[in-house]
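data02.cif, holding mmCIF, C-alpha atoms; chains and numbers go by the auth columns:
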data_target
#
loop_
_atom_site.group_PDB
_atom_site.id
_atom_site.type_symbol
_atom_site.label_atom_id
_atom_site.label_comp_id
_atom_site.label_asym_id
_atom_site.label_seq_id
_atom_site.Cartn_x
_atom_site.Cartn_y
_atom_site.Cartn_z
_atom_site.B_iso_or_equiv
_atom_site.auth_seq_id
_atom_site.auth_asym_id
ATOM 1 C CA MET A 1 123.329 102.657 115.237 0.00 730 X
ATOM 2 C CA LEU A 2 121.093 99.953 113.765 0.00 731 X
ATOM 3 C CA LEU A 3 122.970 97.304 115.756 0.00 732 X
ATOM 4 C CA LYS A 4 122.263 99.198 118.981 0.00 733 X
ATOM 5 C CA LYS A 5 118.545 99.303 118.197 0.00 734 X
ATOM 6 C CA THR A 6 118.358 95.625 117.319 0.00 735 X
ATOM 7 C CA VAL A 7 120.160 94.652 120.538 0.00 736 X
ATOM 8 C CA LEU A 8 118.872 97.215 123.026 0.00 737 X
ATOM 9 C CA LEU A 9 115.198 97.104 122.122 0.00 738 X
ATOM 10 C CA PRO A 10 114.773 93.355 122.784 0.00 739 X
ATOM 11 C CA LEU A 11 116.782 93.693 126.011 0.00 740 X
ATOM 12 C CA CYS A 12 114.521 96.502 127.218 0.00 741 X
ATOM 13 C CA ILE A 13 111.406 94.498 126.395 0.00 742 X
ATOM 14 C CA MET A 14 112.713 91.391 128.175 0.00 743 X
ATOM 15 C CA SER A 15 113.714 93.330 131.287 0.00 744 X
ATOM 16 C CA THR A 16 110.259 94.928 131.436 0.00 745 X
ATOM 17 C CA LEU A 17 108.539 91.543 131.159 0.00 746 X
ATOM 18 C CA MET A 18 110.793 90.043 133.820 0.00 747 X
ATOM 19 C CA ALA A 19 110.002 92.879 136.240 0.00 748 X
ATOM 20 C CA ALA A 20 106.213 92.542 135.842 0.00 749 X
ATOM 21 C CA PRO A 21 105.790 89.715 138.423 0.00 750 X
ATOM 22 C CA VAL A 22 107.695 91.789 140.959 0.00 751 X
ATOM 23 C CA LEU A 23 105.118 94.554 140.636 0.00 752 X
ATOM 24 C CA ALA A 24 102.383 92.251 141.977 0.00 753 X
ATOM 25 C CA ALA A 25 103.734 91.992 145.496 0.00 754 X
ATOM 26 C CA ASP A 26 102.163 90.469 148.606 0.00 755 X
ATOM 27 C CA ILE A 27 101.453 93.183 151.169 0.00 756 X
ATOM 28 C CA PRO A 28 101.092 92.142 154.843 0.00 757 X
ATOM 29 C CA TYR A 29 98.708 94.306 156.896 0.00 758 X
ATOM 30 C CA THR A 30 99.010 94.620 160.663 0.00 759 X
ATOM 31 C CA ALA A 31 96.459 95.538 163.302 0.00 760 X
ATOM 32 C CA VAL A 32 96.867 99.085 164.624 0.00 761 X
ATOM 33 C CA ILE A 33 94.798 98.352 167.732 0.00 762 X
ATOM 34 C CA GLY A 34 94.289 95.144 169.667 0.00 763 X
ATOM 35 C CA GLY A 35 91.168 93.403 170.905 0.00 764 X
ATOM 36 C CA THR A 36 88.661 90.723 170.027 0.00 765 X
ATOM 37 C CA VAL A 37 88.185 90.266 166.278 0.00 766 X
ATOM 38 C CA ALA A 38 84.661 91.349 165.323 0.00 767 X
ATOM 39 C CA SER A 39 85.035 90.819 161.564 0.00 768 X
ATOM 40 C CA VAL A 40 87.702 90.126 158.982 0.00 769 X
ATOM 41 C CA VAL A 41 87.662 89.950 155.176 0.00 770 X
ATOM 42 C CA SER A 42 87.621 86.579 153.435 0.00 771 X
ATOM 43 C CA VAL A 43 90.299 85.081 151.218 0.00 772 X
ATOM 44 C CA GLY A 44 89.647 85.983 147.585 0.00 773 X
ATOM 45 C CA THR A 45 87.946 89.303 148.370 0.00 774 X
ATOM 46 C CA ASP A 46 88.907 92.184 146.086 0.00 775 X
ATOM 47 C CA VAL A 47 89.784 95.267 148.135 0.00 776 X
ATOM 48 C CA ARG A 48 90.506 98.882 147.283 0.00 777 X
ATOM 49 C CA GLU A 49 92.521 101.525 149.070 0.00 778 X
ATOM 50 C CA GLY A 50 90.743 102.494 152.282 0.00 779 X
ATOM 51 C CA ASP A 51 88.636 99.344 152.634 0.00 780 X
ATOM 52 C CA VAL A 52 88.424 97.933 156.174 0.00 781 X
ATOM 53 C CA LEU A 53 90.182 94.575 156.417 0.00 782 X
ATOM 54 C CA LEU A 54 89.712 93.924 160.140 0.00 783 X
ATOM 55 C CA THR A 55 87.488 95.283 162.904 0.00 784 X
ATOM 56 C CA VAL A 56 87.921 94.680 166.622 0.00 785 X
ATOM 57 C CA ASP A 57 85.497 95.187 169.506 0.00 786 X
ATOM 58 C CA SER A 58 86.331 98.100 171.781 0.00 787 X
ATOM 59 C CA LEU A 59 84.564 99.950 174.595 0.00 788 X
ATOM 60 C CA ALA A 60 83.238 102.390 171.977 0.00 789 X
ATOM 61 C CA GLY A 61 82.017 99.558 169.716 0.00 790 X
ATOM 62 C CA PRO A 62 83.571 97.925 166.644 0.00 791 X
ATOM 63 C CA MET A 63 86.587 99.840 165.321 0.00 792 X
ATOM 64 C CA ALA A 64 88.669 99.435 162.153 0.00 793 X
ATOM 65 C CA ALA A 65 91.990 97.865 163.111 0.00 794 X
ATOM 66 C CA ALA A 66 93.429 97.437 159.594 0.00 795 X
ATOM 67 C CA ARG A 67 92.687 99.175 156.289 0.00 796 X
ATOM 68 C CA ALA A 68 93.995 98.503 152.783 0.00 797 X
ATOM 69 C CA ASP A 69 96.625 100.934 151.502 0.00 798 X
ATOM 70 C CA SER A 70 96.211 99.809 147.893 0.00 799 X
ATOM 71 C CA SER A 71 93.996 97.708 145.637 0.00 800 X
ATOM 72 C CA GLY A 72 94.393 93.959 145.429 0.00 801 X
ATOM 73 C CA THR A 73 92.993 90.548 146.324 0.00 802 X
ATOM 74 C CA VAL A 74 93.085 89.022 149.807 0.00 803 X
ATOM 75 C CA LYS A 75 95.506 86.119 149.609 0.00 804 X
ATOM 76 C CA GLU A 76 95.681 85.035 153.257 0.00 805 X
ATOM 77 C CA VAL A 77 93.810 85.736 156.511 0.00 806 X
ATOM 78 C CA LYS A 78 95.773 85.013 159.692 0.00 807 X
ATOM 79 C CA VAL A 79 93.064 85.649 162.332 0.00 808 X
ATOM 80 C CA LYS A 80 89.555 84.352 162.998 0.00 809 X
ATOM 81 C CA THR A 81 86.410 86.116 164.141 0.00 810 X
ATOM 82 C CA GLY A 82 86.154 85.839 167.927 0.00 811 X
ATOM 83 C CA GLY A 83 89.916 85.472 168.393 0.00 812 X
ATOM 84 C CA THR A 84 92.139 88.118 169.910 0.00 813 X
ATOM 85 C CA VAL A 85 94.745 90.210 168.155 0.00 814 X
ATOM 86 C CA ALA A 86 97.549 92.413 169.473 0.00 815 X
ATOM 87 C CA PRO A 87 98.688 95.674 167.874 0.00 816 X
ATOM 88 C CA GLY A 88 101.375 95.054 165.242 0.00 817 X
ATOM 89 C CA THR A 89 100.243 91.504 164.469 0.00 818 X
ATOM 90 C CA VAL A 90 100.026 90.604 160.766 0.00 819 X
ATOM 91 C CA VAL A 91 96.339 89.881 160.172 0.00 820 X
ATOM 92 C CA VAL A 92 95.811 89.873 156.397 0.00 821 X
ATOM 93 C CA VAL A 93 98.021 89.461 153.318 0.00 822 X
ATOM 94 C CA VAL A 94 96.860 91.171 150.114 0.00 823 X
ATOM 95 C CA GLU A 95 98.258 90.494 146.644 0.00 824 X
ATOM 96 C CA GLU A 96 98.600 93.959 145.173 0.00 825 X
ATOM 97 C CA LYS A 97 97.269 94.624 141.663 0.00 826 X
#
Take the structure in the file and give it back as structure tokens.
Amino acid sequence: MLLKKTVLLPLCIMSTLMAAPVLAADIPYTAVIGGTVASVVSVGTDVREGDVLLTVDSLAGPMAAARADSSGTVKEVKVKTGGTVAPGTVVVVVEEK
């Protein structure tokens, strides 16, 4: 029994530590509506679930085209203000915390 504890405990600890980097995944966010980009978050911005990542101009005015599903830090922005975006296009990549 002691042998099992001395072998299994370190293995469990190592497997947990090895899985930790996998938990911080990069999440790509896509635009749900298309149009001209009115605003987009900057690289390095900390975001929380529900924060607007991208707005596009529409006939009704600026509308949220992408929102964060979880907390993290913006790692990459693939569109520029004034450019156009189509629905389903990856616009922002967030490193999840």
**OP:** I need the residue set behind the PyMOL selection byres ((chain X and resi 813) around 7) for this file; please write it as a list in words.
**Re:** Gly764, Thr765, Val766, Gly811, Gly812, Val814 and Ala815 of chain X
Original post:
Could you state the separation of CA of Pro791 in chain X and CA of Lys826 in chain X in Å, given to one decimal place?
Top reply: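 So the two atoms, CA of Pro791 in chain X and CA of Lys826 in chain X, lie 28.7 Å apart.
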**OP:** List the residues matched by the PyMOL selection byres ((chain X and resi 807) around 6) in the displayed structure as number ranges by chain, ordered by chain and then by residue number.
**Re:** X: 806, 808, 820-821
Subject >> Of the listed residues X:Gly763, X:Gly779, X:Pro816, X:Pro757, that which approaches Asp798 in chain X most closely, counting all atoms listed in the file >> reply: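 Closest to Asp798 in chain X, using all atoms listed in the file: X:Gly779.
Straight-line separation from CA of Val803 in chain X to CA of Ser771 in chain X: 7.0 Å.
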**OP:** Show which residues sit within 7 Å of range 781-784 of chain X, as a count of residues only. Count only C-alpha atoms, and ignore same-chain residues fewer than 6 positions away.
**Re:** 12
Mind checking which residues fall within 7 Å of Val819 in chain X, counting only C-alpha atoms, ignoring those fewer than 3 positions away in the same chain, and posting them as a PDB file with C-alpha atoms, keeping the file's coordinate frame?
ATOM      1  CA  PRO X 757     101.092  92.142 154.843  1.00  0.00           C
ATOM      2  CA  TYR X 758      98.708  94.306 156.896  1.00  0.00           C
ATOM      3  CA  THR X 759      99.010  94.620 160.663  1.00  0.00           C
ATOM      4  CA  ALA X 760      96.459  95.538 163.302  1.00  0.00           C
TER       5      ALA X 760
END
Return the padded bounding box of range 810-817 of chain X as JSON: axis-aligned, built from all atoms listed in the file, 4 Å added on each side, with centre and edge lengths in Å to one decimal.
{"center_x": 93.8, "center_y": 90.6, "center_z": 167.0, "size_x": 23.2, "size_y": 18.2, "size_z": 13.8}
**OP:** Using the chain letters and numbering of this document, enumerate as JSON, numbers by chain the residues selected by the PyMOL selection byres ((chain X and resi 824) around 9).
**Re:** {"X": [753, 754, 755, 756, 757, 800, 801, 802, 803, 804, 805, 822, 823, 825, 826]}
For the residues selected in the previous step, produce a file with C-alpha atoms as a tab-separated table (two decimals), keeping the file's coordinate frame.
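Contents of the output file out_25.tsv:
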chain	number	residue	atom	x	y	z
X	753	ALA	CA	102.38	92.25	141.98
X	754	ALA	CA	103.73	91.99	145.50
X	755	ASP	CA	102.16	90.47	148.61
X	756	ILE	CA	101.45	93.18	151.17
X	757	PRO	CA	101.09	92.14	154.84
X	800	SER	CA	94.00	97.71	145.64
X	801	GLY	CA	94.39	93.96	145.43
X	802	THR	CA	92.99	90.55	146.32
X	803	VAL	CA	93.08	89.02	149.81
X	804	LYS	CA	95.51	86.12	149.61
X	805	GLU	CA	95.68	85.04	153.26
X	822	VAL	CA	98.02	89.46	153.32
X	823	VAL	CA	96.86	91.17	150.11
X	825	GLU	CA	98.60	93.96	145.17
X	826	LYS	CA	97.27	94.62	141.66
**OP:** Could you please determine the separation between CA of Thr774 in chain X and CA of Gly790 in chain X in Å, to one decimal place?
**Re:**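 Between CA of Thr774 in chain X and CA of Gly790 in chain X the gap is 24.4 Å.
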